[in-house]
$ cat query.txt   # compact mmCIF, N, CA and C atoms
# COMPACT_ATOMS: atom_id res chain seq x y z
N MET A 1 -19.91 -15.54 12.80
CA MET A 1 -18.83 -14.70 12.35
C MET A 1 -17.90 -15.55 11.49
N THR A 2 -17.64 -15.08 10.30
CA THR A 2 -16.83 -15.85 9.36
C THR A 2 -15.35 -15.54 9.53
N VAL A 3 -14.56 -16.39 8.93
CA VAL A 3 -13.12 -16.21 8.97
C VAL A 3 -12.74 -14.92 8.24
N GLU A 4 -13.44 -14.64 7.15
CA GLU A 4 -13.17 -13.41 6.38
C GLU A 4 -13.43 -12.16 7.22
N ALA A 5 -14.48 -12.17 8.02
CA ALA A 5 -14.78 -11.02 8.88
C ALA A 5 -13.70 -10.82 9.93
N VAL A 6 -13.23 -11.92 10.51
CA VAL A 6 -12.16 -11.83 11.52
C VAL A 6 -10.88 -11.29 10.88
N LEU A 7 -10.55 -11.78 9.69
CA LEU A 7 -9.36 -11.31 9.00
C LEU A 7 -9.48 -9.84 8.62
N ASN A 8 -10.67 -9.40 8.23
CA ASN A 8 -10.87 -7.98 7.90
C ASN A 8 -10.69 -7.10 9.14
N ILE A 9 -11.23 -7.54 10.26
CA ILE A 9 -11.08 -6.78 11.50
C ILE A 9 -9.61 -6.73 11.92
N ALA A 10 -8.94 -7.87 11.85
CA ALA A 10 -7.52 -7.91 12.23
C ALA A 10 -6.68 -7.05 11.30
N SER A 11 -6.97 -7.10 10.02
CA SER A 11 -6.24 -6.28 9.05
C SER A 11 -6.46 -4.80 9.30
N ASP A 12 -7.70 -4.43 9.55
CA ASP A 12 -8.02 -3.03 9.83
C ASP A 12 -7.35 -2.57 11.14
N ALA A 13 -7.32 -3.45 12.13
CA ALA A 13 -6.69 -3.11 13.41
C ALA A 13 -5.18 -2.92 13.23
N LEU A 14 -4.54 -3.81 12.49
CA LEU A 14 -3.09 -3.68 12.27
C LEU A 14 -2.77 -2.42 11.48
N TRP A 15 -3.59 -2.12 10.47
CA TRP A 15 -3.36 -0.91 9.68
C TRP A 15 -3.55 0.33 10.55
N THR A 16 -4.53 0.33 11.43
CA THR A 16 -4.75 1.45 12.33
C THR A 16 -3.56 1.62 13.28
N ILE A 17 -3.03 0.53 13.77
CA ILE A 17 -1.86 0.60 14.65
C ILE A 17 -0.66 1.20 13.92
N ILE A 18 -0.43 0.76 12.69
CA ILE A 18 0.70 1.27 11.92
C ILE A 18 0.55 2.76 11.63
N ILE A 19 -0.62 3.16 11.17
CA ILE A 19 -0.86 4.57 10.85
C ILE A 19 -0.80 5.44 12.10
N THR A 20 -1.27 4.91 13.21
CA THR A 20 -1.29 5.68 14.45
C THR A 20 0.11 5.86 15.04
N ALA A 21 0.92 4.83 14.97
CA ALA A 21 2.25 4.88 15.58
C ALA A 21 3.30 5.52 14.69
N ALA A 22 3.05 5.59 13.41
CA ALA A 22 4.07 6.05 12.45
C ALA A 22 4.64 7.44 12.74
N PRO A 23 3.83 8.46 13.01
CA PRO A 23 4.44 9.78 13.22
C PRO A 23 5.42 9.83 14.39
N LEU A 24 5.07 9.22 15.50
CA LEU A 24 5.95 9.25 16.66
C LEU A 24 7.19 8.39 16.44
N LEU A 25 7.04 7.26 15.79
CA LEU A 25 8.20 6.42 15.52
C LEU A 25 9.15 7.09 14.55
N LEU A 26 8.62 7.77 13.54
CA LEU A 26 9.48 8.48 12.60
C LEU A 26 10.23 9.63 13.27
N LEU A 27 9.54 10.38 14.13
CA LEU A 27 10.22 11.45 14.87
C LEU A 27 11.35 10.89 15.74
N SER A 28 11.07 9.81 16.44
CA SER A 28 12.08 9.20 17.30
C SER A 28 13.26 8.69 16.48
N MET A 29 12.98 8.11 15.33
CA MET A 29 14.05 7.60 14.49
C MET A 29 14.92 8.73 13.94
N VAL A 30 14.31 9.82 13.53
CA VAL A 30 15.08 10.95 13.00
C VAL A 30 15.95 11.57 14.09
N VAL A 31 15.40 11.76 15.27
CA VAL A 31 16.18 12.33 16.37
C VAL A 31 17.31 11.38 16.76
N GLY A 32 17.05 10.09 16.81
CA GLY A 32 18.10 9.11 17.12
C GLY A 32 19.21 9.13 16.09
N LEU A 33 18.84 9.27 14.81
CA LEU A 33 19.84 9.32 13.75
C LEU A 33 20.70 10.57 13.86
N ILE A 34 20.07 11.71 14.13
CA ILE A 34 20.81 12.96 14.26
C ILE A 34 21.77 12.89 15.45
N ILE A 35 21.31 12.37 16.57
CA ILE A 35 22.18 12.26 17.75
C ILE A 35 23.29 11.24 17.51
N SER A 36 22.99 10.18 16.80
CA SER A 36 24.01 9.19 16.48
C SER A 36 25.10 9.78 15.60
N ILE A 37 24.70 10.58 14.62
CA ILE A 37 25.69 11.25 13.77
C ILE A 37 26.52 12.23 14.60
N PHE A 38 25.86 12.97 15.50
CA PHE A 38 26.57 13.89 16.39
C PHE A 38 27.57 13.15 17.26
N GLN A 39 27.18 12.00 17.80
CA GLN A 39 28.09 11.23 18.64
C GLN A 39 29.26 10.70 17.83
N THR A 40 29.03 10.31 16.60
CA THR A 40 30.11 9.80 15.76
C THR A 40 31.10 10.90 15.43
N VAL A 41 30.58 12.08 15.09
CA VAL A 41 31.45 13.19 14.70
C VAL A 41 32.28 13.67 15.89
N THR A 42 31.69 13.74 17.07
CA THR A 42 32.39 14.27 18.23
C THR A 42 33.07 13.20 19.07
N SER A 43 32.94 11.93 18.68
CA SER A 43 33.53 10.79 19.40
C SER A 43 33.04 10.69 20.84
N ILE A 44 31.82 11.13 21.10
CA ILE A 44 31.20 10.96 22.41
C ILE A 44 30.52 9.59 22.42
N GLN A 45 30.86 8.73 23.35
CA GLN A 45 30.31 7.38 23.40
C GLN A 45 29.36 7.19 24.58
N GLU A 46 28.62 8.21 24.92
CA GLU A 46 27.67 8.14 26.03
C GLU A 46 26.37 7.50 25.53
N GLN A 47 25.99 6.38 26.13
CA GLN A 47 24.81 5.64 25.68
C GLN A 47 23.50 6.31 26.08
N THR A 48 23.52 7.07 27.17
CA THR A 48 22.29 7.66 27.67
C THR A 48 21.99 9.02 27.04
N LEU A 49 22.84 9.49 26.15
CA LEU A 49 22.66 10.81 25.55
C LEU A 49 21.41 10.89 24.68
N THR A 50 20.95 9.79 24.13
CA THR A 50 19.81 9.82 23.20
C THR A 50 18.46 9.84 23.91
N PHE A 51 18.40 9.45 25.18
CA PHE A 51 17.11 9.28 25.84
C PHE A 51 16.35 10.58 26.05
N VAL A 52 16.99 11.59 26.58
CA VAL A 52 16.28 12.84 26.88
C VAL A 52 15.78 13.53 25.62
N PRO A 53 16.59 13.69 24.57
CA PRO A 53 16.04 14.31 23.35
C PRO A 53 14.91 13.50 22.73
N LYS A 54 14.99 12.17 22.78
CA LYS A 54 13.90 11.35 22.23
C LYS A 54 12.63 11.52 23.04
N ILE A 55 12.74 11.56 24.36
CA ILE A 55 11.55 11.73 25.21
C ILE A 55 10.92 13.09 24.97
N VAL A 56 11.74 14.12 24.86
CA VAL A 56 11.21 15.46 24.59
C VAL A 56 10.56 15.51 23.21
N THR A 57 11.18 14.86 22.23
CA THR A 57 10.62 14.83 20.88
C THR A 57 9.30 14.08 20.85
N ILE A 58 9.21 12.97 21.55
CA ILE A 58 7.96 12.22 21.61
C ILE A 58 6.87 13.05 22.29
N PHE A 59 7.21 13.75 23.35
CA PHE A 59 6.23 14.60 24.02
C PHE A 59 5.72 15.71 23.10
N ILE A 60 6.63 16.36 22.39
CA ILE A 60 6.23 17.40 21.44
C ILE A 60 5.41 16.79 20.29
N GLY A 61 5.83 15.60 19.85
CA GLY A 61 5.07 14.91 18.81
C GLY A 61 3.67 14.56 19.26
N LEU A 62 3.52 14.17 20.52
CA LEU A 62 2.18 13.90 21.05
C LEU A 62 1.33 15.16 21.09
N LEU A 63 1.96 16.28 21.42
CA LEU A 63 1.21 17.54 21.41
C LEU A 63 0.75 17.90 20.00
N ILE A 64 1.61 17.65 19.02
CA ILE A 64 1.28 18.01 17.64
C ILE A 64 0.33 16.99 17.00
N PHE A 65 0.66 15.69 17.14
CA PHE A 65 -0.10 14.64 16.46
C PHE A 65 -1.13 13.96 17.34
N GLY A 66 -1.35 14.45 18.55
CA GLY A 66 -2.29 13.81 19.46
C GLY A 66 -3.70 13.73 18.94
N SER A 67 -4.18 14.80 18.34
CA SER A 67 -5.55 14.78 17.82
C SER A 67 -5.67 13.84 16.63
N TYR A 68 -4.62 13.77 15.80
CA TYR A 68 -4.61 12.85 14.66
C TYR A 68 -4.67 11.39 15.15
N ILE A 69 -3.87 11.09 16.16
CA ILE A 69 -3.84 9.74 16.72
C ILE A 69 -5.19 9.38 17.34
N LEU A 70 -5.73 10.30 18.12
CA LEU A 70 -7.02 10.05 18.76
C LEU A 70 -8.13 9.89 17.73
N ASN A 71 -8.13 10.71 16.68
CA ASN A 71 -9.15 10.59 15.64
C ASN A 71 -9.06 9.24 14.92
N ASN A 72 -7.85 8.74 14.67
CA ASN A 72 -7.70 7.43 14.04
C ASN A 72 -8.25 6.32 14.92
N ILE A 73 -7.95 6.37 16.20
CA ILE A 73 -8.42 5.33 17.11
C ILE A 73 -9.94 5.39 17.27
N VAL A 74 -10.46 6.59 17.41
CA VAL A 74 -11.92 6.74 17.55
C VAL A 74 -12.63 6.29 16.27
N SER A 75 -12.08 6.63 15.12
CA SER A 75 -12.67 6.21 13.86
C SER A 75 -12.69 4.69 13.73
N PHE A 76 -11.60 4.04 14.12
CA PHE A 76 -11.57 2.58 14.08
C PHE A 76 -12.62 1.98 15.01
N MET A 77 -12.72 2.52 16.23
CA MET A 77 -13.71 1.98 17.17
C MET A 77 -15.13 2.23 16.70
N GLU A 78 -15.39 3.37 16.08
CA GLU A 78 -16.73 3.63 15.55
C GLU A 78 -17.08 2.65 14.43
N ARG A 79 -16.11 2.36 13.55
CA ARG A 79 -16.34 1.38 12.48
C ARG A 79 -16.58 0.00 13.07
N LEU A 80 -15.84 -0.34 14.10
CA LEU A 80 -15.97 -1.65 14.72
C LEU A 80 -17.33 -1.80 15.41
N TRP A 81 -17.71 -0.79 16.19
CA TRP A 81 -18.97 -0.87 16.93
C TRP A 81 -20.19 -0.69 16.03
N SER A 82 -20.05 0.06 14.93
CA SER A 82 -21.20 0.24 14.05
C SER A 82 -21.55 -1.03 13.30
N SER A 83 -20.59 -1.90 13.08
CA SER A 83 -20.87 -3.16 12.39
C SER A 83 -20.92 -4.35 13.37
N PHE A 84 -21.11 -4.05 14.63
CA PHE A 84 -21.13 -5.10 15.65
C PHE A 84 -22.29 -6.07 15.42
N GLY A 85 -23.43 -5.58 14.95
CA GLY A 85 -24.57 -6.43 14.70
C GLY A 85 -24.31 -7.46 13.62
N GLU A 86 -23.46 -7.14 12.68
CA GLU A 86 -23.15 -8.08 11.60
C GLU A 86 -22.27 -9.23 12.10
N TYR A 87 -21.53 -9.00 13.16
CA TYR A 87 -20.60 -10.02 13.64
C TYR A 87 -21.27 -11.06 14.51
N ILE A 88 -22.44 -10.77 15.01
CA ILE A 88 -23.12 -11.71 15.90
C ILE A 88 -23.87 -12.76 15.12

$ encode --input "query.txt" --output "structure tokens"
Amino acid sequence: MTVEAVLNIASDALWTIIITAAPLLLLSMVVGLIISIFQTVTSIQEQTLTFVPKIVTIFIGLLIFGSYILNNIVSFMERLWSSFGEYI
């Protein structure tokens, strides 16, 4: 197994992680920003106010994007296992 093959696998793995995590992270960031603006406008300084809406948003995001996330992970594993013979 060459250094180039290892770097290609690592690069593909990191790209898969980024693409897979992006939808849920973006949803969480948007909800956090909206709640932060709400807290600033209303002068509410409760630190735990953001947790429940973020958890609910992540759960809904998993329901919506779950198949997309699973397909990305399965596709990566199929590519990895299909070229397993080349790595030996």

$ atom_distance --input "query.txt" --atom1 "atom CA of Leu26 of chain A" --atom2 "atom CA of Ser43 of chain A"
25.1 Å

$ residues_around --input "query.txt" --residues "Ile88 of chain A" --least-positions-apart "5" --cutoff "10 Å" --atoms "only C-alpha atoms" --output "list in words"
Met1, Thr2 and Ser83 of chain A

$ atom_distance --input "query.txt" --atom1 "atom N of Thr16 of chain A" --atom2 "atom C of Ile69 of chain A"
10.8 Å

$ atom_distance --input "query.txt" --atom1 "atom C of Leu62 of chain A" --atom2 "atom CA of Ser11 of chain A"
25.7 Å

$ residues_around --input "query.txt" --residues "segment 29-31 of chain A" --least-positions-apart "3" --cutoff "8 Å" --atoms "only N, CA and C atoms" --output "ChimeraX atom specification"
/A:23-26,34-37,50,53-54,57

$ residues_around --input "query.txt" --residues "Ala13 of chain A" --least-positions-apart "5" --cutoff "10 Å" --atoms "only C-alpha atoms" --output "count of residues only"
8

$ decode --input "query.txt" --residues "segment 5-47 of chain A" --atoms "C-alpha atoms" --output "mmCIF file, in the first residue's frame"
data_model
loop_
_atom_site.group_PDB
_atom_site.id
_atom_site.type_symbol
_atom_site.label_atom_id
_atom_site.label_comp_id
_atom_site.auth_asym_id
_atom_site.auth_seq_id
_atom_site.Cartn_x
_atom_site.Cartn_y
_atom_site.Cartn_z
ATOM 1 C CA ALA A 5 -3.315 5.331 -1.592
ATOM 2 C CA VAL A 6 -3.408 6.095 2.135
ATOM 3 C CA LEU A 7 -3.715 9.825 1.441
ATOM 4 C CA ASN A 8 -6.521 9.189 -1.065
ATOM 5 C CA ILE A 9 -8.430 7.084 1.457
ATOM 6 C CA ALA A 10 -7.920 9.673 4.206
ATOM 7 C CA SER A 11 -8.971 12.495 1.897
ATOM 8 C CA ASP A 12 -12.073 10.623 0.798
ATOM 9 C CA ALA A 13 -12.923 9.803 4.431
ATOM 10 C CA LEU A 14 -12.570 13.432 5.536
ATOM 11 C CA TRP A 15 -14.664 14.653 2.604
ATOM 12 C CA THR A 16 -17.351 12.080 3.452
ATOM 13 C CA ILE A 17 -17.368 13.247 7.075
ATOM 14 C CA ILE A 18 -17.743 16.891 6.037
ATOM 15 C CA ILE A 19 -20.523 16.202 3.533
ATOM 16 C CA THR A 20 -22.323 13.908 5.957
ATOM 17 C CA ALA A 21 -22.216 16.256 8.947
ATOM 18 C CA ALA A 22 -22.896 19.507 7.076
ATOM 19 C CA PRO A 23 -26.728 19.451 6.972
ATOM 20 C CA LEU A 24 -27.131 18.850 10.702
ATOM 21 C CA LEU A 25 -24.414 21.318 11.653
ATOM 22 C CA LEU A 26 -25.942 24.004 9.450
ATOM 23 C CA LEU A 27 -29.391 23.443 10.963
ATOM 24 C CA SER A 28 -27.963 23.661 14.471
ATOM 25 C CA MET A 29 -26.044 26.812 13.611
ATOM 26 C CA VAL A 30 -29.100 28.532 12.126
ATOM 27 C CA VAL A 31 -31.287 27.655 15.114
ATOM 28 C CA GLY A 32 -28.564 28.818 17.517
ATOM 29 C CA LEU A 33 -28.249 32.110 15.650
ATOM 30 C CA ILE A 34 -32.014 32.700 15.684
ATOM 31 C CA ILE A 35 -32.242 31.953 19.409
ATOM 32 C CA SER A 36 -29.214 34.138 20.100
ATOM 33 C CA ILE A 37 -30.833 37.050 18.277
ATOM 34 C CA PHE A 38 -34.063 36.404 20.219
ATOM 35 C CA GLN A 39 -32.144 36.425 23.508
ATOM 36 C CA THR A 40 -30.396 39.664 22.587
ATOM 37 C CA VAL A 41 -33.611 41.412 21.600
ATOM 38 C CA THR A 42 -35.528 40.308 24.699
ATOM 39 C CA SER A 43 -32.545 40.583 27.105
ATOM 40 C CA ILE A 44 -33.068 36.998 28.285
ATOM 41 C CA GLN A 45 -29.705 35.664 29.496
ATOM 42 C CA GLU A 46 -30.686 32.031 30.051
ATOM 43 C CA GLN A 47 -27.841 29.782 28.875
#
